[in-house]
Amino acid sequence: MISLRDEVKIMKPFFSSEKLLIEEIMQASLKAKIAIRGLAIGALIKTIRGQLGMSQKTLAKRAGVPQSTVSRIEQGKRDMSLLTLRKIVEALSCDLVIVPLLQDSIEVIRRKQAKKVAEKRVHYLKGTMNLEDQQPDSRFIEELLRQEEESLLQGPSIRLWEE
């Protein structure tokens with residue numbers, strides 16, 4: 001496992017304060033994701049509205065949207081615009097927070113991408129060698145992959161995403 005210190009070394013383009021900010025946001029987002037227990041936004045709106053003792057008609061009036069819109073949103077039958085969602089949430093005296101939640105740590109995402117790019121590059125080289133009737137040794141290929149991954153991780157980050 002890679003330590004936090006190693007991650008900071010590998011992620012040279014990022015400031016440590018940016019990394020800490022992302023980690024804090026991810027921790028809070030994960031807690032929120034767990035707390036809502038998979039409820040859809042419409043179900044959550046309905047639950048909050050119910051706890052406030054507010055009717056759909058009142059919520060619709062406060063939000064400036066038709067009552068049928070609130071009904072369809074709560075039933076999950078309508079996709080809503082961000083503007084409509086913000087109006088409804090604010091009418092419930094709530095803040096709307098939209099945060100991208102990383103599926104893995106920054107380091108894991110970077111390593112997966114480096115491996116993908118390295119495999120693509122080495123596969124091309126292997127194909128070229130096969131055309132010349134040269135069968136590369138599997139240990140050679142593994143070492144080449146490892147070196148290419150490390151080169152990608154140590155070099156400019158943009159190289160990871162250019163394919």
# chains A, B, ... in the order shown; residues from 1 in each chain; ligands from 1
$ residues_around --residues "range 159-162 of chain A" --least-positions-apart "2" --cutoff "12 Å" --atoms "only C-alpha atoms" --output "PyMOL selection string"
chain A and resi 109-118+120-121+148-157
$ select_by_dssp --residues "chain A" --states "alpha helix (DSSP H)" --output "ChimeraX atom specification"
/A:4-10,16-35,41-52,56-63,67-74,82-91,106-131,138-154,158-161
$ residues_around --residues "Lys77 in chain A" --least-positions-apart "6" --cutoff "12 Å" --atoms "only C-alpha atoms" --output "VMD selection string"
chain A and resid 40 to 43 68 to 71
$ residues_around --residues "Asp95 in chain A" --least-positions-apart "5" --cutoff "12 Å" --atoms "only C-alpha atoms" --output "list in words"
Ile45, Leu85, Arg86, Lys87, Ile88, Val89 and Glu90 of chain A
$ write_last_selection --atoms "N, CA and C atoms" --output "tab-separated table (two decimals), in the first residue's frame"
chain	number	residue	atom	x	y	z
A	45	ILE	N	-36.60	14.54	-1.28
A	45	ILE	CA	-37.41	15.76	-1.26
A	45	ILE	C	-38.75	15.48	-0.59
A	85	LEU	N	-34.45	21.94	-9.63
A	85	LEU	CA	-34.04	21.27	-8.40
A	85	LEU	C	-33.62	22.30	-7.35
A	86	ARG	N	-32.84	23.30	-7.77
A	86	ARG	CA	-32.40	24.32	-6.83
A	86	ARG	C	-33.59	25.08	-6.24
A	87	LYS	N	-34.57	25.42	-7.07
A	87	LYS	CA	-35.75	26.12	-6.59
A	87	LYS	C	-36.49	25.30	-5.53
A	88	ILE	N	-36.67	24.02	-5.81
A	88	ILE	CA	-37.41	23.14	-4.89
A	88	ILE	C	-36.65	22.97	-3.58
A	89	VAL	N	-35.36	22.75	-3.69
A	89	VAL	CA	-34.53	22.54	-2.50
A	89	VAL	C	-34.52	23.81	-1.64
A	90	GLU	N	-34.36	24.96	-2.28
A	90	GLU	CA	-34.36	26.22	-1.52
A	90	GLU	C	-35.73	26.47	-0.89
$ atom_distance --atom1 "CA of Ser16 in chain A" --atom2 "CA of Lys33 in chain A"
25.4 Å
$ atom_distance --atom1 "CA of Lys126 in chain A" --atom2 "CA of Val108 in chain A"
26.1 Å
$ residues_around --residues "range 28-32 of chain A" --least-positions-apart "3" --cutoff "12 Å" --atoms "only C-alpha atoms" --output "CSV table (one decimal) with N, CA and C atoms, in the first residue's frame"
chain,number,residue,atom,x,y,z
A,21,LEU,N,-7.8,19.1,0.6
A,21,LEU,CA,-9.2,19.5,0.3
A,21,LEU,C,-10.0,18.4,-0.3
A,22,ILE,N,-9.4,17.8,-1.4
A,22,ILE,CA,-10.1,16.7,-2.0
A,22,ILE,C,-10.4,15.6,-1.1
A,23,GLU,N,-9.5,15.2,-0.2
A,23,GLU,CA,-9.7,14.1,0.8
A,23,GLU,C,-10.8,14.5,1.7
A,24,GLU,N,-10.9,15.7,2.2
A,24,GLU,CA,-11.9,16.2,3.1
A,24,GLU,C,-13.3,16.1,2.4
A,25,ILE,N,-13.3,16.6,1.2
A,25,ILE,CA,-14.6,16.6,0.4
A,25,ILE,C,-15.0,15.1,0.2
A,35,ALA,N,-25.4,8.1,4.4
A,35,ALA,CA,-26.6,8.6,5.2
A,35,ALA,C,-27.9,8.6,4.4
A,36,ILE,N,-27.8,8.9,3.1
A,36,ILE,CA,-29.1,8.9,2.3
A,36,ILE,C,-29.6,7.5,1.9
A,37,ARG,N,-28.7,6.5,2.2
A,37,ARG,CA,-29.1,5.1,2.0
A,37,ARG,C,-29.7,4.8,0.6
A,38,GLY,N,-29.1,5.4,-0.4
A,38,GLY,CA,-29.6,5.1,-1.8
A,38,GLY,C,-30.9,5.8,-2.2
A,39,LEU,N,-31.4,6.7,-1.4
A,39,LEU,CA,-32.6,7.3,-1.7
A,39,LEU,C,-32.4,8.2,-3.0
A,97,VAL,N,-26.1,20.7,-2.7
A,97,VAL,CA,-24.6,20.4,-2.8
A,97,VAL,C,-24.4,19.3,-3.8
A,98,ILE,N,-23.7,19.7,-4.9
A,98,ILE,CA,-23.4,18.7,-5.9
A,98,ILE,C,-21.9,18.5,-5.9
A,99,VAL,N,-21.5,17.3,-5.6
A,99,VAL,CA,-20.1,17.0,-5.5
A,99,VAL,C,-19.7,15.8,-6.2
A,100,PRO,N,-18.7,15.9,-7.1
A,100,PRO,CA,-18.3,14.6,-7.7
A,100,PRO,C,-17.6,13.7,-6.7
A,101,LEU,N,-18.0,12.5,-6.6
A,101,LEU,CA,-17.4,11.6,-5.6
A,101,LEU,C,-16.5,10.6,-6.3
A,102,LEU,N,-15.2,10.7,-6.0
A,102,LEU,CA,-14.2,9.8,-6.6
A,102,LEU,C,-14.6,8.4,-6.3
A,103,GLN,N,-14.4,7.5,-7.3
A,103,GLN,CA,-14.7,6.1,-7.2
A,103,GLN,C,-13.5,5.4,-6.5
A,104,ASP,N,-12.3,6.0,-6.6
A,104,ASP,CA,-11.1,5.5,-6.0
A,104,ASP,C,-10.3,6.8,-5.6
$ atom_distance --atom1 "CA of Met54 in chain A" --atom2 "CA of Leu96 in chain A"
18.7 Å
